[in-house]
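Student: So here's model34.txt, just compact mmCIF, C-alpha atoms:
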```txt
# COMPACT_ATOMS: atom_id res chain seq x y z
CA MET A 1 -160.83 -46.63 42.02
CA ALA A 2 -158.95 -48.78 39.51
CA ASP A 3 -161.25 -47.65 36.68
CA ALA A 4 -160.62 -44.01 37.51
CA TRP A 5 -156.88 -44.55 37.43
CA GLN A 6 -157.18 -46.23 34.04
CA LYS A 7 -159.10 -43.25 32.69
CA LEU A 8 -156.47 -40.84 33.98
CA ARG A 9 -153.65 -42.88 32.46
CA ARG A 10 -155.39 -42.90 29.10
CA SER A 11 -155.89 -39.12 29.30
CA PHE A 12 -152.23 -38.47 30.04
CA ALA A 13 -151.17 -40.92 27.31
CA ALA A 14 -153.21 -38.93 24.80
CA ILE A 15 -151.36 -35.68 25.47
CA ALA A 16 -147.91 -37.22 25.95
CA PRO A 17 -146.99 -37.23 22.21
CA LEU A 18 -147.83 -33.52 21.93
CA VAL A 19 -145.65 -32.70 24.93
CA ALA A 20 -142.84 -34.79 23.43
CA LEU A 21 -143.15 -32.90 20.15
CA VAL A 22 -142.95 -29.53 21.90
CA LEU A 23 -139.84 -30.60 23.80
CA ALA A 24 -138.24 -31.97 20.65
CA LEU A 25 -138.84 -28.71 18.80
CA GLY A 26 -137.32 -26.76 21.65
CA ALA A 27 -134.20 -28.91 21.63
CA ALA A 28 -133.82 -28.74 17.86
CA VAL A 29 -134.30 -24.98 17.39
CA PRO A 30 -132.18 -22.60 19.48
CA ALA A 31 -133.89 -19.52 20.83
CA ASN A 32 -131.82 -17.17 18.70
CA ALA A 33 -132.53 -19.11 15.50
CA VAL A 34 -136.31 -18.76 15.40
CA ASP A 35 -137.56 -17.31 12.15
CA MET A 36 -134.08 -16.75 10.77
CA GLU A 37 -135.36 -15.33 7.52
CA GLN A 38 -136.98 -12.52 9.51
CA SER A 39 -134.13 -11.85 11.95
CA THR A 40 -131.04 -11.90 9.71
CA THR A 41 -130.01 -9.91 6.68
CA PHE A 42 -127.16 -9.85 4.20
CA LEU A 43 -126.59 -6.13 4.88
CA SER A 44 -125.89 -4.60 8.27
CA PRO A 45 -129.02 -2.84 9.56
CA PHE A 46 -126.88 -0.15 11.22
CA PRO A 47 -124.26 1.36 8.85
CA ASP A 48 -122.27 4.38 9.97
CA ASN A 49 -124.42 7.53 9.76
CA ASP A 50 -127.17 5.33 8.30
CA ILE A 51 -125.49 5.49 4.85
CA TYR A 52 -124.04 2.49 3.02
CA GLN A 53 -120.67 3.15 1.39
CA VAL A 54 -120.67 1.39 -2.00
CA THR A 55 -117.63 0.73 -4.20
CA VAL A 56 -117.49 -1.11 -7.51
CA PHE A 57 -114.41 -3.23 -8.21
CA GLY A 58 -113.29 -4.78 -11.48
CA ASP A 59 -112.19 -4.12 -15.06
CA GLY A 60 -113.94 -2.81 -18.17
CA PHE A 61 -117.13 -4.67 -17.26
CA ALA A 62 -117.18 -2.91 -13.89
CA GLU A 63 -116.96 0.55 -15.47
CA GLY A 64 -120.14 0.00 -17.46
CA LEU A 65 -121.81 -1.62 -14.45
CA LEU A 66 -121.01 1.44 -12.33
CA GLY A 67 -122.74 3.71 -14.85
CA GLY A 68 -125.87 1.57 -14.72
CA LEU A 69 -125.87 1.51 -10.92
CA VAL A 70 -125.58 5.30 -10.73
CA GLN A 71 -128.68 5.57 -12.94
CA ALA A 72 -130.54 3.06 -10.78
CA PHE A 73 -129.63 4.46 -7.34
CA GLY A 74 -128.76 8.08 -8.16
CA SER A 75 -131.56 9.48 -5.97
CA ASP A 76 -131.34 6.92 -3.17
CA VAL A 77 -130.05 8.70 -0.06
CA ARG A 78 -129.27 5.40 1.65
CA LEU A 79 -126.32 4.72 -0.66
CA ASN A 80 -123.13 6.65 -1.29
CA ILE A 81 -121.79 5.15 -4.52
CA GLN A 82 -118.20 5.99 -5.38
CA ARG A 83 -118.14 7.43 -8.90
CA GLN A 84 -114.89 5.65 -9.81
CA ILE A 85 -114.18 1.94 -9.76
CA THR A 86 -111.33 0.37 -7.84
CA PRO A 87 -109.50 -1.48 -10.63
CA ILE A 88 -108.70 -5.16 -10.47
CA ALA A 89 -105.99 -6.19 -12.93
CA ASN A 90 -106.57 -9.20 -15.14
CA ILE A 91 -106.26 -12.36 -13.08
CA PRO A 92 -103.82 -14.23 -15.41
CA THR A 93 -101.10 -11.58 -14.92
CA TRP A 94 -97.70 -12.85 -13.71
CA ASP A 95 -97.63 -10.51 -10.66
CA PHE A 96 -101.09 -11.46 -9.46
CA GLU A 97 -100.06 -12.00 -5.83
CA GLY A 98 -98.44 -8.57 -5.51
CA LYS A 99 -101.38 -6.76 -7.08
CA THR A 100 -103.87 -8.64 -4.91
CA ALA A 101 -101.94 -7.65 -1.78
CA ALA A 102 -102.03 -4.01 -2.92
CA LEU A 103 -105.78 -4.31 -3.54
CA GLU A 104 -106.25 -5.75 -0.06
CA GLN A 105 -104.49 -2.70 1.37
CA LYS A 106 -106.76 -0.34 -0.59
CA ILE A 107 -109.85 -2.14 0.67
CA ALA A 108 -108.67 -1.81 4.26
CA GLU A 109 -108.05 1.94 3.92
CA GLN A 110 -111.40 3.02 2.48
CA PRO A 111 -114.86 3.10 4.08
CA LEU A 112 -116.78 0.18 2.65
CA ASN A 113 -120.11 -1.46 3.45
CA ILE A 114 -121.07 -2.89 0.04
CA ALA A 115 -118.62 -4.18 -2.56
CA ILE A 116 -119.84 -4.96 -6.09
CA VAL A 117 -117.28 -6.89 -8.12
CA MET A 118 -117.26 -7.79 -11.80
CA THR A 119 -114.17 -8.95 -13.65
CA GLY A 120 -113.40 -11.25 -16.55
CA GLU A 121 -113.11 -9.08 -19.65
CA ASP A 122 -109.41 -9.89 -20.02
CA ASP A 123 -109.24 -13.09 -17.97
CA ARG A 124 -109.50 -15.48 -20.92
CA ASN A 125 -105.73 -15.55 -21.49
CA PRO A 126 -102.91 -17.97 -20.65
CA PHE A 127 -101.53 -17.71 -17.15
CA ARG A 128 -98.03 -16.33 -16.69
CA ASN A 129 -96.24 -17.40 -13.54
CA PRO A 130 -93.11 -15.72 -12.10
CA ASP A 131 -91.04 -18.71 -13.27
CA SER A 132 -92.10 -17.94 -16.89
CA LYS A 133 -94.24 -21.06 -17.15
CA ARG A 134 -97.37 -20.64 -19.28
CA ILE A 135 -100.61 -22.49 -18.68
CA GLN A 136 -102.76 -22.71 -21.78
CA VAL A 137 -106.22 -21.24 -21.50
CA GLY A 138 -109.12 -23.67 -21.04
CA THR A 139 -107.09 -26.66 -19.84
CA ASP A 140 -107.74 -28.43 -16.54
CA ALA A 141 -104.56 -26.92 -15.13
CA TRP A 142 -105.79 -23.48 -16.17
CA ILE A 143 -109.15 -24.00 -14.38
CA THR A 144 -107.32 -25.20 -11.26
CA GLU A 145 -105.08 -22.12 -11.18
CA TYR A 146 -108.03 -19.85 -11.98
CA THR A 147 -109.94 -21.31 -9.03
CA ARG A 148 -107.01 -20.67 -6.71
CA ARG A 149 -106.63 -17.07 -7.83
CA ILE A 150 -110.36 -16.30 -7.67
CA ASP A 151 -110.46 -17.63 -4.12
CA ARG A 152 -107.41 -15.52 -3.19
CA LEU A 153 -109.06 -12.45 -4.72
CA MET A 154 -112.29 -13.03 -2.81
CA ARG A 155 -110.45 -13.43 0.48
CA ALA A 156 -109.06 -9.93 0.01
CA PHE A 157 -112.49 -8.59 1.06
CA LYS A 158 -112.73 -10.71 4.19
CA ARG A 159 -110.91 -8.41 6.61
CA LYS A 160 -113.23 -5.50 5.79
CA ASN A 161 -116.31 -7.57 6.64
CA ALA A 162 -118.26 -5.94 3.81
CA SER A 163 -121.28 -7.34 1.98
CA VAL A 164 -119.97 -8.52 -1.40
CA TYR A 165 -122.04 -8.97 -4.57
CA TRP A 166 -119.97 -10.84 -7.17
CA VAL A 167 -121.31 -10.57 -10.72
CA GLY A 168 -120.70 -13.47 -13.08
CA LEU A 169 -119.72 -13.31 -16.73
CA PRO A 170 -122.26 -12.74 -19.53
CA ASN A 171 -122.48 -14.84 -22.64
CA PHE A 172 -120.13 -14.12 -25.56
CA ALA A 173 -120.53 -14.20 -29.31
CA ARG A 174 -117.67 -16.63 -29.98
CA GLY A 175 -118.50 -20.22 -29.16
CA ASP A 176 -115.15 -21.12 -27.56
CA ALA A 177 -115.16 -17.97 -25.41
CA ASN A 178 -118.75 -18.63 -24.40
CA GLU A 179 -117.95 -22.19 -23.31
CA LEU A 180 -115.01 -20.98 -21.23
CA ALA A 181 -117.16 -18.25 -19.66
CA GLN A 182 -119.58 -20.88 -18.39
CA ARG A 183 -116.75 -22.85 -16.78
CA MET A 184 -115.45 -19.65 -15.18
CA ASN A 185 -118.93 -18.87 -13.86
CA ASP A 186 -119.04 -22.29 -12.22
CA VAL A 187 -115.83 -21.45 -10.39
CA ILE A 188 -117.02 -17.97 -9.36
CA ARG A 189 -120.37 -19.28 -8.15
CA GLU A 190 -118.75 -21.99 -6.04
CA ARG A 191 -116.10 -19.75 -4.46
CA ALA A 192 -118.63 -16.97 -3.78
CA TYR A 193 -120.84 -19.44 -1.93
CA LEU A 194 -117.95 -20.77 0.14
CA ASN A 195 -116.82 -17.24 1.07
CA GLY A 196 -120.31 -16.08 2.06
CA TYR A 197 -120.84 -13.70 -0.88
CA LYS A 198 -123.82 -13.28 -3.20
CA TYR A 199 -123.39 -14.47 -6.75
CA ILE A 200 -125.29 -12.44 -9.37
CA ASP A 201 -126.05 -14.55 -12.44
CA VAL A 202 -126.34 -12.43 -15.62
CA TYR A 203 -125.57 -15.11 -18.22
CA GLN A 204 -129.17 -15.97 -19.13
CA GLY A 205 -130.22 -12.32 -18.92
CA PHE A 206 -128.59 -11.57 -22.28
CA ALA A 207 -129.50 -14.76 -24.14
CA ASP A 208 -132.29 -15.10 -26.69
CA GLU A 209 -135.29 -17.42 -26.42
CA ASN A 210 -133.10 -20.34 -27.53
CA GLY A 211 -130.37 -19.62 -24.98
CA ALA A 212 -127.92 -18.38 -27.62
CA TYR A 213 -126.02 -15.09 -27.86
CA SER A 214 -127.94 -12.11 -29.19
CA ALA A 215 -126.74 -8.52 -29.49
CA TYR A 216 -130.33 -7.29 -29.15
CA GLY A 217 -132.78 -7.69 -26.33
CA PRO A 218 -135.42 -5.92 -24.24
CA ASP A 219 -134.45 -3.00 -22.06
CA LEU A 220 -136.08 -2.26 -18.71
CA GLU A 221 -139.16 -0.84 -20.44
CA GLY A 222 -139.57 -3.83 -22.74
CA ALA A 223 -138.36 -2.15 -25.95
CA ILE A 224 -135.93 -4.13 -28.12
CA ARG A 225 -132.58 -2.35 -28.02
CA LEU A 226 -128.97 -2.97 -29.01
CA LEU A 227 -127.38 -4.28 -25.78
CA ARG A 228 -123.95 -5.51 -26.96
CA VAL A 229 -121.26 -3.84 -29.05
CA ARG A 230 -119.72 -5.31 -32.20
CA ASP A 231 -116.88 -7.11 -30.39
CA GLY A 232 -119.42 -9.56 -28.90
CA VAL A 233 -118.11 -8.94 -25.37
CA ASN A 234 -118.86 -5.47 -24.02
CA PHE A 235 -122.17 -3.64 -23.54
CA THR A 236 -123.85 -0.55 -24.88
CA ALA A 237 -125.33 2.09 -22.54
CA ALA A 238 -128.67 0.25 -22.59
CA GLY A 239 -126.87 -3.01 -21.97
CA ASN A 240 -125.03 -1.61 -18.96
CA ARG A 241 -128.32 -0.39 -17.50
CA ARG A 242 -129.79 -3.86 -17.93
CA LEU A 243 -126.64 -5.39 -16.43
CA ALA A 244 -127.01 -3.16 -13.36
CA HIS A 245 -130.65 -4.20 -13.04
CA PHE A 246 -129.67 -7.70 -11.87
CA VAL A 247 -127.57 -6.22 -9.06
CA GLU A 248 -130.23 -3.61 -8.29
CA LYS A 249 -132.88 -6.27 -7.79
CA GLU A 250 -130.83 -8.13 -5.16
CA LEU A 251 -129.58 -4.98 -3.47
CA ARG A 252 -133.01 -3.38 -3.10
CA SER A 253 -134.38 -6.56 -1.56
CA ASP A 254 -131.53 -6.64 0.97
CA LEU A 255 -131.99 -2.94 1.78
CA THR A 256 -135.66 -3.54 2.53
CA GLN A 257 -134.83 -6.49 4.78
CA ALA A 258 -132.15 -4.52 6.61
CA LYS A 259 -134.59 -1.66 7.22
CA SER A 260 -137.20 -4.00 8.69
CA ASN A 261 -134.56 -5.56 10.94
CA ARG A 262 -133.84 -2.22 12.55
CA ASN A 263 -137.03 -2.72 14.53
CA VAL A 264 -136.03 -6.11 15.94
CA PRO A 265 -135.49 -5.64 19.71
CA LEU A 266 -131.87 -5.82 20.86
CA LEU A 267 -130.58 -6.59 17.36
CA GLY A 268 -128.05 -3.76 17.47
CA ALA A 269 -125.79 -2.37 20.15
CA GLU A 270 -126.99 0.17 22.72
CA ALA A 271 -125.92 3.15 20.63
CA GLU A 272 -127.68 1.79 17.59
CA GLN A 273 -130.87 1.09 19.49
CA GLU A 274 -130.79 4.56 21.01
CA LYS A 275 -130.82 6.13 17.54
CA ILE A 276 -134.01 4.39 16.45
CA ASN A 277 -135.72 4.00 19.83
CA PRO A 278 -134.46 6.64 22.28
CA GLY A 279 -137.16 6.05 24.86
CA ASN A 280 -136.41 2.36 25.16
CA ALA A 281 -132.61 2.41 25.02
CA VAL A 282 -132.19 2.01 28.79
CA LYS A 283 -135.27 -0.11 29.35
CA THR A 284 -134.11 -2.86 26.99
CA PRO A 285 -130.28 -2.78 26.91
CA ALA A 286 -128.21 -5.21 24.90
CA PRO A 287 -127.69 -8.56 26.70
CA SER A 288 -123.90 -8.15 26.67
CA SER A 289 -123.92 -4.68 28.26
CA PRO A 290 -123.18 -3.99 31.97
CA VAL A 291 -126.57 -2.30 32.21
CA ALA A 292 -128.26 -5.59 31.41
CA ASP A 293 -126.27 -7.44 34.07
CA ALA A 294 -127.16 -4.85 36.71
CA ALA A 295 -130.80 -4.81 35.70
CA SER A 296 -131.10 -8.59 35.74
CA ALA A 297 -129.87 -8.72 39.35
CA ASN A 298 -132.70 -6.48 40.54
CA THR A 299 -135.44 -7.85 38.32
CA LYS A 300 -138.05 -10.12 39.80
CA VAL A 301 -140.01 -12.59 37.75
CA PRO A 302 -143.64 -11.40 37.54
CA VAL A 303 -146.31 -13.66 38.89
CA VAL A 304 -149.92 -14.27 37.93
CA ARG A 305 -152.17 -12.78 40.57
CA ASN A 306 -155.05 -15.19 40.07
CA THR A 307 -154.94 -18.31 42.19
CA ALA A 308 -155.96 -21.75 41.05
CA THR A 309 -159.36 -23.12 41.98
CA ASP A 310 -157.83 -25.83 44.12
CA GLY A 311 -155.83 -23.42 46.21
CA THR A 312 -152.42 -24.09 44.63
CA PRO A 313 -150.00 -21.14 44.61
CA PRO A 314 -150.05 -18.85 41.59
CA SER A 315 -147.75 -19.89 38.74
CA GLN A 316 -144.87 -17.89 37.40
CA THR A 317 -145.03 -16.46 33.92
CA SER A 318 -142.30 -16.55 31.35
CA ALA A 319 -138.92 -15.15 32.17
CA ALA A 320 -137.41 -12.13 30.46
CA SER A 321 -135.84 -14.42 27.86
CA GLY A 322 -139.24 -15.57 26.68
CA ASP A 323 -138.90 -19.13 27.99
CA GLN A 324 -141.93 -20.61 29.68
CA LYS A 325 -140.74 -21.94 33.03
CA ALA A 326 -141.60 -25.41 34.25
CA ASP A 327 -144.72 -25.10 36.38
CA ASN A 328 -146.11 -28.29 37.83
CA GLY A 329 -149.61 -28.13 39.22
CA LYS A 330 -151.83 -30.37 41.32
CA ILE A 331 -155.44 -31.44 41.02
CA THR A 332 -157.55 -33.10 43.69
CA LEU A 333 -160.06 -35.77 42.70
CA ARG A 334 -162.95 -37.05 44.80
CA LEU A 335 -163.38 -40.77 44.17
CA ILE A 336 -165.49 -43.58 45.59
CA GLY A 337 -163.26 -46.23 47.08
CA SER A 338 -163.76 -49.97 47.06
CA ASN A 339 -165.35 -49.77 50.49
CA GLY A 340 -168.00 -47.34 49.17
CA ARG A 341 -166.59 -44.32 50.97
CA GLU A 342 -165.58 -41.07 49.33
CA GLU A 343 -161.84 -40.57 49.09
CA THR A 344 -159.65 -37.73 47.84
CA GLN A 345 -156.63 -38.29 45.65
CA THR A 346 -154.09 -35.62 44.71
CA ILE A 347 -152.41 -35.96 41.30
CA GLU A 348 -149.49 -33.86 40.11
CA VAL A 349 -149.91 -32.40 36.60
CA LEU A 350 -146.60 -31.96 34.78
CA ARG A 351 -146.14 -28.71 32.89
CA PRO A 352 -142.60 -28.89 31.40
CA ALA A 353 -140.52 -25.86 30.48
CA ILE A 354 -141.10 -24.60 26.94
CA PRO A 355 -138.22 -22.76 25.21
CA ALA A 356 -138.83 -19.30 23.76
CA SER A 357 -138.19 -20.67 20.27
CA VAL A 358 -141.22 -22.94 20.49
CA VAL A 359 -143.38 -20.17 21.95
CA ALA A 360 -142.42 -17.85 19.10
CA LEU A 361 -142.89 -20.60 16.54
CA MET A 362 -146.42 -21.42 17.70
CA ALA A 363 -147.46 -17.78 18.14
CA ARG A 364 -145.57 -16.18 15.26
CA ARG A 365 -147.21 -13.36 13.38
CA GLU A 366 -148.35 -14.31 9.92
CA GLY A 367 -148.54 -10.72 8.63
CA SER A 368 -151.05 -10.18 5.88
CA VAL A 369 -151.22 -13.87 5.00
CA PRO A 370 -154.42 -15.50 6.32
CA ARG A 371 -153.77 -17.82 9.23
CA GLY A 372 -154.14 -21.47 8.34
CA ASP A 373 -156.00 -24.22 10.17
CA LEU A 374 -153.91 -26.43 12.44
CA VAL A 375 -154.43 -30.12 11.75
CA VAL A 376 -153.06 -32.66 14.23
CA ASP A 377 -152.59 -36.36 13.46
CA GLN A 378 -151.17 -39.26 15.40
CA ILE A 379 -148.58 -41.26 13.46
CA GLY A 380 -146.55 -44.31 14.34
CA GLY A 381 -143.86 -44.34 17.01
CA GLY A 382 -145.75 -42.19 19.49
CA LEU A 383 -145.28 -39.01 17.42
CA THR A 384 -147.71 -36.24 16.60
CA LEU A 385 -147.79 -34.63 13.16
CA MET A 386 -148.93 -31.01 13.11
CA SER A 387 -149.60 -29.12 9.88
CA SER A 388 -150.95 -25.67 9.10
CA ILE A 389 -153.22 -25.53 6.06
CA THR A 390 -154.21 -22.27 4.43
CA PRO A 391 -157.00 -22.55 1.84
CA PRO A 392 -155.99 -20.98 -1.51
CA GLY A 393 -157.98 -17.86 -2.36
CA ASN A 394 -161.55 -17.67 -1.15
CA ARG A 395 -162.47 -21.17 -2.21
CA ASP A 396 -163.05 -23.72 0.53
CA ARG A 397 -161.83 -27.04 -0.76
CA GLY A 398 -162.04 -28.72 2.61
CA ARG A 399 -159.28 -29.82 4.91
CA LEU A 400 -157.26 -32.91 4.20
CA SER A 401 -155.45 -34.57 7.07
CA PRO A 402 -151.69 -34.87 6.40
CA THR A 403 -151.77 -38.61 6.99
CA GLN A 404 -154.54 -38.92 4.40
CA ALA A 405 -152.58 -37.16 1.66
CA PRO A 406 -151.90 -39.49 -1.28
CA TYR A 407 -148.11 -39.22 -0.99
CA PHE A 408 -148.20 -40.10 2.74
CA ARG A 409 -150.49 -43.05 2.22
CA LEU A 410 -148.42 -44.37 -0.66
CA LEU A 411 -144.82 -43.67 0.44
CA VAL A 412 -145.10 -43.87 4.24
CA LYS A 413 -147.99 -46.20 4.95
CA GLY A 414 -147.38 -48.34 1.87
CA GLU A 415 -151.04 -48.42 0.90
CA ARG A 416 -152.13 -49.14 -2.62
CA LEU A 417 -154.26 -46.27 -3.81
CA GLN A 418 -157.54 -47.11 -5.46
CA PRO A 419 -157.23 -46.34 -9.19
CA LYS A 420 -159.82 -44.16 -10.86
CA PRO A 421 -161.69 -45.66 -13.81
CA GLY A 422 -160.03 -44.72 -17.08
CA ARG A 423 -156.78 -43.53 -15.47
CA ALA A 424 -153.40 -44.96 -16.53
CA ASP A 425 -153.07 -47.05 -13.36
CA ASP A 426 -156.47 -48.71 -13.89
CA VAL A 427 -155.63 -52.23 -15.14
CA SER A 428 -159.06 -53.74 -14.63
CA TRP A 429 -160.61 -55.68 -17.51
CA PRO A 430 -162.84 -55.02 -19.28
CA PRO A 431 -161.99 -51.32 -19.03
CA LYS A 432 -164.50 -49.07 -17.32
CA ASN A 433 -165.74 -45.80 -18.69
CA ASP A 434 -164.28 -42.63 -17.16
CA SER A 435 -166.93 -41.19 -14.89
CA THR A 436 -165.26 -37.78 -14.39
CA THR A 437 -166.90 -34.63 -15.72
CA ASP A 438 -164.00 -33.93 -18.09
CA ALA A 439 -164.30 -37.29 -19.82
CA LYS A 440 -165.46 -37.24 -23.43
CA PRO A 441 -167.94 -39.78 -24.72
CA ALA A 442 -166.34 -42.59 -26.67
CA ASP A 443 -166.76 -42.56 -30.40
CA PRO A 444 -169.22 -45.14 -31.67
CA VAL A 445 -167.65 -48.24 -33.12
CA PRO A 446 -168.20 -48.25 -36.93
CA ARG A 447 -170.07 -51.17 -38.34
CA GLY A 448 -169.48 -53.07 -41.48
```
Take the structure in this file and express it as structure tokens.
Tutor:
Amino acid sequence: MADAWQKLRRSFAAIAPLVALVLALGAAVPANAVDMEQSTTFLSPFPDNDIYQVTVFGDGFAEGLLGGLVQAFGSDVRLNIQRQITPIANIPTWDFEGKTAALEQKIAEQPLNIAIVMTGEDDRNPFRNPDSKRIQVGTDAWITEYTRRIDRLMRAFKRKNASVYWVGLPNFARGDANELAQRMNDVIRERAYLNGYKYIDVYQGFADENGAYSAYGPDLEGAIRLLRVRDGVNFTAAGNRRLAHFVEKELRSDLTQAKSNRNVPLLGAEAEQEKINPGNAVKTPAPSSPVADAASANTKVPVVRNTATDGTPPSQTSAASGDQKADNGKITLRLIGSNGREETQTIEVLRPAIPASVVALMARREGSVPRGDLVVDQIGGGLTLMSSITPPGNRDRGRLSPTQAPYFRLLVKGERLQPKPGRADDVSWPPKNDSTTDAKPADPVPRG
């Protein structure tokens, strides 16, 4: 009897780390955050009338950018691109606050899903404040004021809740202007990140192989063309098309992701789901709708009809949320007691609740990528390390346990790896010949 109990304890101890890992994953990952890269998008999947309203904002740079975008998306029925830009006056102007407030009012009055902004052609000038104080361009005080004004300009788009693509400055022919443009790009990149916008980097796209300014460069077909005009600032028609290409690449990727997210159940409201899935609009209402509350009151949790072999009642399956409910079972063992008689002992088997996030994580669809092999290793502290390994290509190089990887053995376990003969870490003396297949025979030692 005692031996049998010891065997059972060892069996449960073996699976305890795996159960602990499952519970830890469930606590760490909320159910609505599973596979975030597949369930979220920068663009709304459900624009009004299924058409994105696009407006370009900015100065002279924005006018050329608009022409390139019209060439790129002219036949795309998903986008309605306004053929005129909404101007943004140069940021160093003395009445910046008043003009930004007027711009904010224009943004609120027009239909807008996607805003593409590019400014900076005339921003490399001293600031003029209402009190007639001038801040010299390029100084630390100028950068501080420029940061404040850029942040104020970006916040003008917040109330509209549009997706904003903010294009940085290109390189310039003059060295001092080019250095200032890089500092301005650092400000734009930082403020765009903090405001939740996408920063489009075009600086390196117009540099030569050495990273310097060049008026010539490849167009979209690879032919070398004149991309910049003689002033060393603005673009030619080919340059504007190349400038728009950097925005086009990001925008097309987001459009594809938004389209795929239209098929995610309950991602949109009831009206949105009804447009793309009329037959299922009432069957799977949005969780916040009254229909969902009424349906949940009359819904019973389905049960598994098969009974267990020991006569225990059938277990309940997962709830509508996808969570696997806690379902403890019992097993009955027939053992030989110390008196030699057969005895029965009932043991309760714990089956803890598993959140939907863990279920989705372990059973997620890999798409066209071949499914990898799951390798499980026991590491210190009662933890279990699980890793999925997908062999590259069609070659089978064998499976390497994660705890046997060189970095794990060296950095975690603190083992000293055995050096290979002839390698830099081989300090044995006399030196041994390299036995690898790539090793070259040593040159004979000359005599005499």
Student: Got a sec: who's within 6 Å of segment 111-115 of chain A, counting only C-alpha atoms, leaving out chain neighbours fewer than 5 positions off, as a list in words?
Tutor: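 The contact residues come out as Tyr52, Gln53, Val54, Thr55, Val56, Ala162, Ser163 and Val164 of chain A.
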Student: Extract, using all atoms listed in the file, all DNA, RNA and protein residues at most 10 Å from segment 177-187 of chain A, discarding same-chain residues fewer than 6 positions from it, and format them as an MDAnalysis selection string.
Tutor: chainID A and resid 120 123:124 137:139 143:144 146:148 150:151 167:171 199 201:203 212:213 233
Student: Find the residues near segment 71-75 of chain A: any atom within 8 Å, counting all atoms listed in the file, skip ones fewer than 5 places away on the same chain, and give them as a PyMOL selection string.
Tutor: chain A and resi 241+244-245+248
Student: Put the listed atoms of segment 226-236 of chain A in a box along x, y and z with 3 Å added on every side and give me the centre and edge lengths in Å to one decimal, as JSON.
Tutor:
```
{"center_x": -122.9, "center_y": -5.1, "center_z": -27.9, "size_x": 18.1, "size_y": 15.0, "size_z": 14.7}
```
Student: What does the structure give for the distance between atom CA of Lys160 of chain A and atom CA of Ile107 of chain A, in Å to one decimal?
Tutor: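 According to the coordinates, atom CA of Lys160 of chain A and atom CA of Ile107 of chain A are separated by 7.0 Å.
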Student: Can you tell me how far atom CA of Ala326 of chain A sits from atom CA of Leu350 of chain A, in Å to one decimal?
Tutor: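 Between these atoms lies a distance of 8.3 Å.
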Student: Rounded to one decimal in Å, what is the spacing between atom CA of Phe157 of chain A and atom CA of Phe127 of chain A?
Tutor: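 So the answer is 23.1 Å.
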Student: How would segment 148-157 of chain A look with N, CA, C and O atoms restored, written as a CSV table (one decimal), keeping the file's coordinate frame?
Tutor:
```csv
chain,number,residue,atom,x,y,z
A,148,ARG,N,-107.8,-21.1,-7.8
A,148,ARG,CA,-107.0,-20.7,-6.7
A,148,ARG,C,-106.9,-19.1,-6.7
A,148,ARG,O,-107.0,-18.5,-5.6
A,149,ARG,N,-106.8,-18.5,-7.8
A,149,ARG,CA,-106.6,-17.1,-7.8
A,149,ARG,C,-108.0,-16.4,-7.5
A,149,ARG,O,-108.0,-15.3,-6.9
A,150,ILE,N,-109.1,-16.9,-8.0
A,150,ILE,CA,-110.4,-16.3,-7.7
A,150,ILE,C,-110.6,-16.4,-6.2
A,150,ILE,O,-111.1,-15.4,-5.5
A,151,ASP,N,-110.3,-17.5,-5.6
A,151,ASP,CA,-110.5,-17.6,-4.1
A,151,ASP,C,-109.5,-16.7,-3.4
A,151,ASP,O,-110.0,-16.1,-2.4
A,152,ARG,N,-108.3,-16.5,-3.8
A,152,ARG,CA,-107.4,-15.5,-3.2
A,152,ARG,C,-107.9,-14.1,-3.3
A,152,ARG,O,-107.9,-13.3,-2.4
A,153,LEU,N,-108.5,-13.8,-4.5
A,153,LEU,CA,-109.1,-12.4,-4.7
A,153,LEU,C,-110.3,-12.2,-3.8
A,153,LEU,O,-110.5,-11.1,-3.3
A,154,MET,N,-111.1,-13.2,-3.7
A,154,MET,CA,-112.3,-13.0,-2.8
A,154,MET,C,-111.9,-12.9,-1.3
A,154,MET,O,-112.6,-12.1,-0.6
A,155,ARG,N,-110.9,-13.5,-0.9
A,155,ARG,CA,-110.4,-13.4,0.5
A,155,ARG,C,-109.9,-12.1,0.8
A,155,ARG,O,-109.7,-11.7,2.0
A,156,ALA,N,-109.6,-11.3,-0.2
A,156,ALA,CA,-109.1,-9.9,0.0
A,156,ALA,C,-110.1,-9.0,0.6
A,156,ALA,O,-109.8,-8.0,1.2
A,157,PHE,N,-111.4,-9.4,0.5
A,157,PHE,CA,-112.5,-8.6,1.1
A,157,PHE,C,-112.9,-9.1,2.5
A,157,PHE,O,-113.7,-8.4,3.1
```
